[in-house]
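S.K.: Please find one structure pasted underneath; my questions will follow.
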Amino acid sequence: MFFLGMLAIIQMAFLPGFLLLRVILPRQGFICTLVFSFALSLIFNYCVVALLTTFGIYYDWLIYVVIAAEVILLLRLFPFWLWSFDEIWLAIHKSFSKVGAAIQTQRNAWRSSVQKLDDPDQRKQAVNELSQKLILLLAFLIAVYTLVWAIQIGIKNLGTVFQTYDAIVSWNPWAIAWAGNAFPVGTWQYPQLIPTNWSLTYVLIGSIQVQFFAKAIMPLFTLFMLLLLFQLGLERKKAGYFIAMLALLFILRKFLLIYIPDGYVDLPVTFFGFAAVYTLLVSSKLQEDGQQARYLLLGALLAAGSAVTKQAGIYILVLYPLLAYLMVIRPSTSESKSTLWKNLGGGFGLALAIVLPWYIYVRSRINAGLAESEVPWVTEGIYKGATLPERFINGMRSLEEYILLFIFVLVALLWLGRKQRILVISIIIPFTVLWGFYFSYSPRNLALVFPFLALAVGLGFDRILERIRFDRLRGYVLLVLLVVLMLLGTRYFPAERMLEQNIEQQGELFYSGVNQQVYDYLEETGFSQQIITDYPLGFLPDLEGLQVAERFEDYDSYVRKRSNHPHVDLILLPRTAHSKIIEEINHQIELGNYELLFEHFHYRFIKVVEQDY
């Protein structure tokens with residue numbers, strides 16, 4: 001089952017998309033290859049599952065045929081299995097040499113700026129250069145922290161099942177219906193990219209009970225949004241993109257934290273929408289018509305992926321041609337803009353071919369009275385008679401202090417670049433207003449805006465930092481910044497939270513599995529029972545003073561300890577205990593005088609039912 005589950009994850013998250021990417025846009029870097037392969041794989045699988053189910057032939061053996069064909073094509077295109085070890089090591093060396101060359105370039109630039117400090121005529125320039133480089137370095141380290149944060153969420157998610165309401169009662173049951181070779185019912189108009197992909201895991205492993213293979217991909221949507229921002233920061237060497245990553249982290253922690261690893265589609269639709277616009281941001285910087293045109297095609301497919309993930313993605317799909325014109329085609333100086341228009345038109349036509357069948361299907365069922373639309377409920381019924389202004393005001397209040405980010409972006413329009421202004425005016429402002437009037441019953445419905453908001457905030461701050469003349473500042477500015485950081489720390493790390501985190505981390509000391517099971521037992525009986533053990537219980541929260549120390553290295557010492565503490569009826573026994581002690585305890589368990597409460601790799605927790613000392 002594990003092998004088949006991993007095969008399903010590879011099919012969902014990488015293999016078909018990687019092959020498609022080689023056709024659409026080859027020679028991408030590692031990050032873009034990873035992210036775009038993931039996105040295109042999900043879109044491809046959605047189309048395959050929907051098509052097979054339409055004809056009633058969504059069977060496991062057909063999926064195996066598809067995967068086998070993909071593997072054969074992969075091996076023909078990349079015969080890495082025939083590579084010799086020297087070729088493998090050469091490829092690794094080239095990859096790391098690029099990283100090393102980039103680091104060396106930055107070191108040389110830093111050293112050059114430092115040397116300018118000795119020249120009075122260049123000192124002011126050096127101060128500004130070093131300050132900007134220091135800001136970039138700090139922003140880079142913060143960006144790495146956000147990636148680690150997202151990776152940790154993904155690691156903690158492994159092996160878990162769906163835990164939030166909509167995932168349990170809607171999205172996962174729809175995936176189970178697809179796995180049963182049938183179109184799900186009761187979907188309203190919600191599109192099915194995520195459930196169709198989840199269904200692959202159920203079909204391949206032959207069970208609908210094991211959910212964690214399907215759920216394993218969900219944190220990747222957040223991680224890959226951060227990676228796209230990280231890639232922009234690396235390419236353009238601007239702190240603003242790294243600051244945007246931090247802003248996005250704070251926004252997601254506030255409004256979507258519990259949904260990041262679970263089965264809600266707000267983050268997937270946001271990922272596809274942002275990835276589509278990312279292709280425009282990259283394409284606008286390219287000079288080669290062919291590459292620009294390929295990015296326009298890829299972006300159209302990603303916009304389609306957004307629209308078949310959740311209805312909010314339709315906004316990006318409809319807007320995509322206009323954004324492509326404003327950000328890429330119009331400012332292009334190429335004489336052959338026809339290639340750009342051709343790829344945009346072809347890509348958008350293909351996107352419509354992917355998107356329209358589902359919406360036509362569910363609309364026809366609604367018109368025939370066989371299904372219901374969610375629109376009356378989510379735009380009217382859920383508000384229980386609240387007027388449009390009341391909804392808007394309540395929606396703004398639900399954003400709490402994060403409304404300041406929107407205000408900052410509106411002010412930053414005065415100095416943001418042209419493309420950033422386009423995104424603010426076309427996505428952030430109108431979608432936020434639309435949300436405020438019609439979908440503001442939950443901030444998660446505003447998720448589509450969040451990466452664009454974070455990007456505008458980051459680049460807005462970057463423009464401010466670029467205009468600062470650090471050579472004119474005085475030392476007291478550092479003191480002010482330190483005080484501001486301390487105040488912000490007090491706001492985001494209150495005493496209660498720090499105490500809670502400290503206690504939680506202390507509870508993970510030594511062997512967390514042993515700790516948890518001891519806690520589970522004592523929670524039922526009260527934290528008053530002492531335990532004979534060599535395990536350092538005194539360092540764990542709420543367990544101070546419960547340890548009766550015994551090293552279990554000498555049988556006579558163990559007997560004396562038991563005799564001197566006849567009231568203690570719990571023993572936490574290490575597997576390294578003296579063999580005679582282990583033999584006696586095993587014998588007492590067989591007689592029924594002792595009860596084995598749990599067994600860990602390192603320890604056994606035993607309750608004395610009937611005292612023998």
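Just so we're on the same page: first chain in the structure tokens is A, next is B, and so on; residues restart at 1 for each chain, and ligands are numbered from 1 in the order they show up.
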Please, which residues of region 361-595 of chain A, numbered as in this document, come out alpha helix (DSSP H) from DSSP, as a CSV table (one decimal) with C-alpha atoms, in the first residue's frame?
M.R.:
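Contents of states_10.csv, as written:
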chain,number,residue,atom,x,y,z
A,361,TYR,CA,-22.5,20.3,-16.7
A,362,VAL,CA,-23.5,21.6,-13.2
A,363,ARG,CA,-25.4,24.5,-14.6
A,364,SER,CA,-27.5,22.1,-16.8
A,365,ARG,CA,-28.2,20.0,-13.7
A,366,ILE,CA,-29.3,23.1,-11.8
A,367,ASN,CA,-31.5,24.2,-14.6
A,375,VAL,CA,-24.9,31.4,-4.8
A,376,PRO,CA,-28.1,32.3,-3.0
A,377,TRP,CA,-26.8,30.9,0.3
A,378,VAL,CA,-23.2,32.3,0.2
A,379,THR,CA,-24.3,35.7,-1.1
A,388,LEU,CA,-24.6,45.3,1.8
A,389,PRO,CA,-23.0,48.1,3.8
A,390,GLU,CA,-23.3,46.1,7.0
A,391,ARG,CA,-21.6,43.1,5.4
A,392,PHE,CA,-18.8,45.3,4.1
A,393,ILE,CA,-18.2,46.9,7.4
A,394,ASN,CA,-18.2,43.6,9.3
A,395,GLY,CA,-15.9,42.1,6.7
A,396,MET,CA,-13.4,44.9,7.2
A,397,ARG,CA,-13.6,44.5,10.9
A,398,SER,CA,-12.9,40.8,10.6
A,403,ILE,CA,-6.6,46.2,7.3
A,404,LEU,CA,-3.5,48.4,7.7
A,405,LEU,CA,-1.8,46.4,5.0
A,406,PHE,CA,-4.6,47.3,2.6
A,407,ILE,CA,-4.3,51.0,3.6
A,408,PHE,CA,-0.5,50.9,3.1
A,409,VAL,CA,-0.9,49.4,-0.4
A,410,LEU,CA,-3.3,52.1,-1.4
A,411,VAL,CA,-0.8,54.8,-0.2
A,412,ALA,CA,2.0,52.9,-1.9
A,418,ARG,CA,3.7,50.0,-13.2
A,419,LYS,CA,3.2,46.3,-13.0
A,420,GLN,CA,2.5,46.4,-9.2
A,421,ARG,CA,0.0,49.2,-9.7
A,422,ILE,CA,-1.8,47.0,-12.3
A,423,LEU,CA,-2.1,44.2,-9.9
A,429,ILE,CA,-9.0,46.5,-4.9
A,430,PRO,CA,-11.9,45.0,-6.9
A,431,PHE,CA,-11.7,41.5,-5.5
A,432,THR,CA,-11.6,42.9,-1.9
A,433,VAL,CA,-14.6,45.1,-2.6
A,434,LEU,CA,-16.4,42.1,-4.1
A,435,TRP,CA,-15.5,40.0,-1.1
A,436,GLY,CA,-16.6,42.7,1.3
A,437,PHE,CA,-20.2,42.9,-0.2
A,438,TYR,CA,-20.8,39.3,-1.0
A,450,PHE,CA,-3.3,37.5,-0.1
A,451,PRO,CA,-0.1,36.8,-2.1
A,452,PHE,CA,-0.7,39.9,-4.3
A,453,LEU,CA,-1.3,42.0,-1.1
A,454,ALA,CA,1.9,40.6,0.4
A,455,LEU,CA,3.8,41.3,-2.9
A,456,ALA,CA,2.6,44.9,-3.0
A,457,VAL,CA,3.5,45.4,0.7
A,458,GLY,CA,7.0,43.9,0.2
A,459,LEU,CA,7.7,46.0,-2.9
A,460,GLY,CA,6.2,49.1,-1.3
A,461,PHE,CA,8.6,48.8,1.6
A,462,ASP,CA,11.4,48.0,-0.8
A,463,ARG,CA,10.9,51.3,-2.6
A,464,ILE,CA,11.0,53.1,0.7
A,465,LEU,CA,14.3,51.4,1.7
A,466,GLU,CA,15.8,52.2,-1.7
A,467,ARG,CA,15.2,56.0,-1.2
A,476,TYR,CA,19.7,57.0,17.4
A,477,VAL,CA,17.8,55.5,14.4
A,478,LEU,CA,19.1,52.1,15.3
A,479,LEU,CA,17.8,52.6,18.9
A,480,VAL,CA,14.4,53.6,17.5
A,481,LEU,CA,14.3,50.5,15.3
A,482,LEU,CA,15.3,48.3,18.2
A,483,VAL,CA,12.5,49.7,20.3
A,484,VAL,CA,10.0,49.2,17.5
A,485,LEU,CA,11.1,45.6,17.0
A,486,MET,CA,10.8,45.0,20.7
A,487,LEU,CA,7.2,46.5,20.7
A,488,LEU,CA,6.3,44.4,17.7
A,489,GLY,CA,7.7,41.3,19.5
A,490,THR,CA,5.5,42.1,22.5
A,491,ARG,CA,2.5,42.3,20.1
A,492,TYR,CA,3.1,39.1,18.2
A,495,ALA,CA,3.6,36.3,27.5
A,496,GLU,CA,0.7,33.7,27.3
A,497,ARG,CA,1.9,32.5,23.9
A,498,MET,CA,5.5,32.3,24.9
A,499,LEU,CA,4.6,30.4,28.1
A,500,GLU,CA,2.4,28.0,26.2
A,501,GLN,CA,5.1,27.4,23.5
A,502,ASN,CA,7.7,26.9,26.2
A,503,ILE,CA,5.6,24.3,28.1
A,504,GLU,CA,4.8,22.5,24.8
A,505,GLN,CA,8.5,22.3,23.8
A,506,GLN,CA,9.5,21.1,27.3
A,512,SER,CA,8.2,12.5,23.1
A,513,GLY,CA,6.4,9.2,22.6
A,514,VAL,CA,7.1,8.2,26.2
A,515,ASN,CA,6.1,11.6,27.5
A,516,GLN,CA,2.8,11.7,25.7
A,517,GLN,CA,1.6,8.3,26.9
A,518,VAL,CA,2.6,9.1,30.5
A,519,TYR,CA,0.7,12.4,30.2
A,520,ASP,CA,-2.3,10.6,28.8
A,521,TYR,CA,-2.4,8.2,31.7
A,522,LEU,CA,-1.9,10.8,34.4
A,523,GLU,CA,-4.5,13.1,32.9
A,524,GLU,CA,-7.1,10.4,33.7
A,525,THR,CA,-5.8,9.6,37.2
A,555,TYR,CA,18.5,-6.0,41.6
A,556,ASP,CA,19.0,-5.6,45.4
A,557,SER,CA,18.8,-1.8,45.0
A,558,TYR,CA,15.5,-2.2,43.1
A,559,VAL,CA,14.1,-4.4,45.9
A,560,ARG,CA,15.0,-1.8,48.6
A,561,LYS,CA,13.5,1.0,46.6
A,562,ARG,CA,10.2,-0.9,46.2
A,563,SER,CA,10.2,-1.8,49.9
A,564,ASN,CA,10.9,1.8,51.0
A,579,SER,CA,18.0,-8.9,33.4
A,580,LYS,CA,16.8,-10.2,36.8
A,581,ILE,CA,14.6,-7.1,37.3
A,582,ILE,CA,13.1,-7.6,33.8
A,583,GLU,CA,12.5,-11.3,34.5
A,584,GLU,CA,10.7,-10.6,37.7
A,585,ILE,CA,8.5,-7.9,36.3
A,586,ASN,CA,7.6,-10.1,33.3
A,587,HIS,CA,6.7,-12.9,35.7
A,588,GLN,CA,4.4,-10.6,37.7
A,589,ILE,CA,2.7,-9.5,34.5
A,590,GLU,CA,2.1,-13.1,33.6
A,591,LEU,CA,0.6,-13.7,37.1
S.K.: Taking only C-alpha atoms into account, produce a table as JSON lines in which each residue of region 424-513 of chain A with an atom at most 7 Å from an atom of region 264-274 of chain A appears once, together with its shortest atom pair and the distance in Å to one decimal, ordered by chain and rising number.
M.R.:
{"residue": "A:Arg444", "atom": "CA", "partner": "A:Asp266", "partner_atom": "CA", "distance": 6.7}
{"residue": "A:Asn445", "atom": "CA", "partner": "A:Asp266", "partner_atom": "CA", "distance": 6.9}
{"residue": "A:Ala447", "atom": "CA", "partner": "A:Asp266", "partner_atom": "CA", "distance": 6.2}
{"residue": "A:Leu448", "atom": "CA", "partner": "A:Thr270", "partner_atom": "CA", "distance": 4.5}
{"residue": "A:Pro451", "atom": "CA", "partner": "A:Phe274", "partner_atom": "CA", "distance": 6.9}
S.K.: Fewer than 6 positions away in the same chain doesn't count, so skip those; otherwise give me all residues within 7 Å of region 171-178 of chain A, counting only C-alpha atoms, as number ranges by chain.
M.R.: A: 184, 195-196, 198-199, 208, 263
S.K.: I want to know what sits within 7 Å of region 141-150 of chain A, based on only C-alpha atoms, with residues of the same chain fewer than 5 positions away left out; could you give that as a ChimeraX atom specification?
M.R.: /A:222-223,226,230,242,245-246,249
S.K.: Could you tell me which of A:Ser170, A:Ser284, A:Ser426, A:Thr309 comes closest to Val185 (chain A) if we count only C-alpha atoms?
M.R.: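 The shortest atom-to-atom distance to Val185 (chain A) comes from A:Ser170.
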S.K.: What gap, in Å, lies between CA of Phe30 (chain A) and CA of Leu77 (chain A)?
M.R.: 17.5 Å
S.K.: Within region 429-581 of chain A, find each residue whose DSSP state, derived from the backbone, is strand (DSSP E or B), and express the selection as a PyMOL selection string.
M.R.: chain A and resi 531-533+547-549+570-574
S.K.: Pick from A:Tyr165, A:Phe470, A:Phe527, A:Trp61: nearest to Leu130 (chain A), with only C-alpha atoms counted?
M.R.: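 Of A:Tyr165, A:Phe470, A:Phe527, A:Trp61, the one nearest Leu130 (chain A) is A:Phe470, counting only C-alpha atoms.
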S.K.: Can you pull out the residues contacting Val161 (chain A)? Cut-off 8 Å, using only C-alpha atoms, and skip same-chain residues under 5 positions away; I want them as a CSV table (one decimal) with N, CA and C atoms, in the first residue's frame.
M.R.:
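Saved as selection.csv:
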chain,number,residue,atom,x,y,z
A,210,VAL,N,-7.7,5.2,3.8
A,210,VAL,CA,-6.4,5.8,4.1
A,210,VAL,C,-6.3,7.1,3.4
A,211,GLN,N,-6.3,8.2,4.2
A,211,GLN,CA,-6.5,9.5,3.6
A,211,GLN,C,-5.1,10.3,3.5
A,212,PHE,N,-4.1,9.8,4.2
A,212,PHE,CA,-2.9,10.7,4.4
A,212,PHE,C,-2.1,10.8,3.1
A,215,LYS,N,-4.0,13.7,1.5
A,215,LYS,CA,-3.8,15.0,2.3
A,215,LYS,C,-2.3,15.5,2.2
S.K.: Residues at most 7 Å from Ile260 (chain A), counting only C-alpha atoms, excluding those fewer than 4 positions away in the same chain, as a ChimeraX atom specification?
M.R.: /A:218-219,222,256
S.K.: What's around Phe3 (chain A) at 12 Å? Count only C-alpha atoms, leave out sequence neighbours fewer than 2 positions away in its own chain, and write the answer as a list in words.
M.R.: Met1, Gly5, Met6, Leu7, Ala8, Ile9, Ile10, Thr201, Leu204, Ile205 and Phe213 of chain A
S.K.: Could the residues in this selection be written to a file with N, CA and C atoms, as a tab-separated table (two decimals), in the first residue's frame?
M.R.:
chain	number	residue	atom	x	y	z
A	1	MET	N	0.82	-1.21	0.00
A	1	MET	CA	0.00	0.00	0.00
A	1	MET	C	0.86	1.26	0.00
A	5	GLY	N	0.75	4.23	-2.64
A	5	GLY	CA	0.45	5.57	-2.17
A	5	GLY	C	1.49	6.58	-2.63
A	6	MET	N	2.75	6.21	-2.53
A	6	MET	CA	3.82	7.10	-2.99
A	6	MET	C	3.75	7.28	-4.51
A	7	LEU	N	3.40	6.22	-5.22
A	7	LEU	CA	3.23	6.32	-6.67
A	7	LEU	C	2.12	7.31	-7.00
A	8	ALA	N	1.05	7.28	-6.21
A	8	ALA	CA	-0.06	8.22	-6.43
A	8	ALA	C	0.39	9.66	-6.19
A	9	ILE	N	1.20	9.88	-5.16
A	9	ILE	CA	1.70	11.23	-4.89
A	9	ILE	C	2.59	11.73	-6.03
A	10	ILE	N	3.44	10.85	-6.55
A	10	ILE	CA	4.30	11.23	-7.68
A	10	ILE	C	3.45	11.60	-8.89
A	201	THR	N	-5.33	8.59	-5.33
A	201	THR	CA	-4.73	7.82	-4.24
A	201	THR	C	-5.64	6.68	-3.83
A	204	LEU	N	-5.59	3.94	-6.62
A	204	LEU	CA	-4.33	3.19	-6.73
A	204	LEU	C	-4.08	2.30	-5.52
A	205	ILE	N	-4.39	2.76	-4.30
A	205	ILE	CA	-4.14	1.93	-3.12
A	205	ILE	C	-5.30	0.99	-2.85
A	213	PHE	N	-2.27	9.91	2.12
A	213	PHE	CA	-1.59	10.11	0.84
A	213	PHE	C	-2.24	11.28	0.09
S.K.: Using only C-alpha atoms, pick whichever of A:Phe510, A:Tyr295, A:Tyr259, A:Phe348 has the shortest atom-to-atom distance to Pro321 (chain A).
M.R.: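 Among A:Phe510, A:Tyr295, A:Tyr259, A:Phe348, it is A:Phe348 that comes nearest to Pro321 (chain A).
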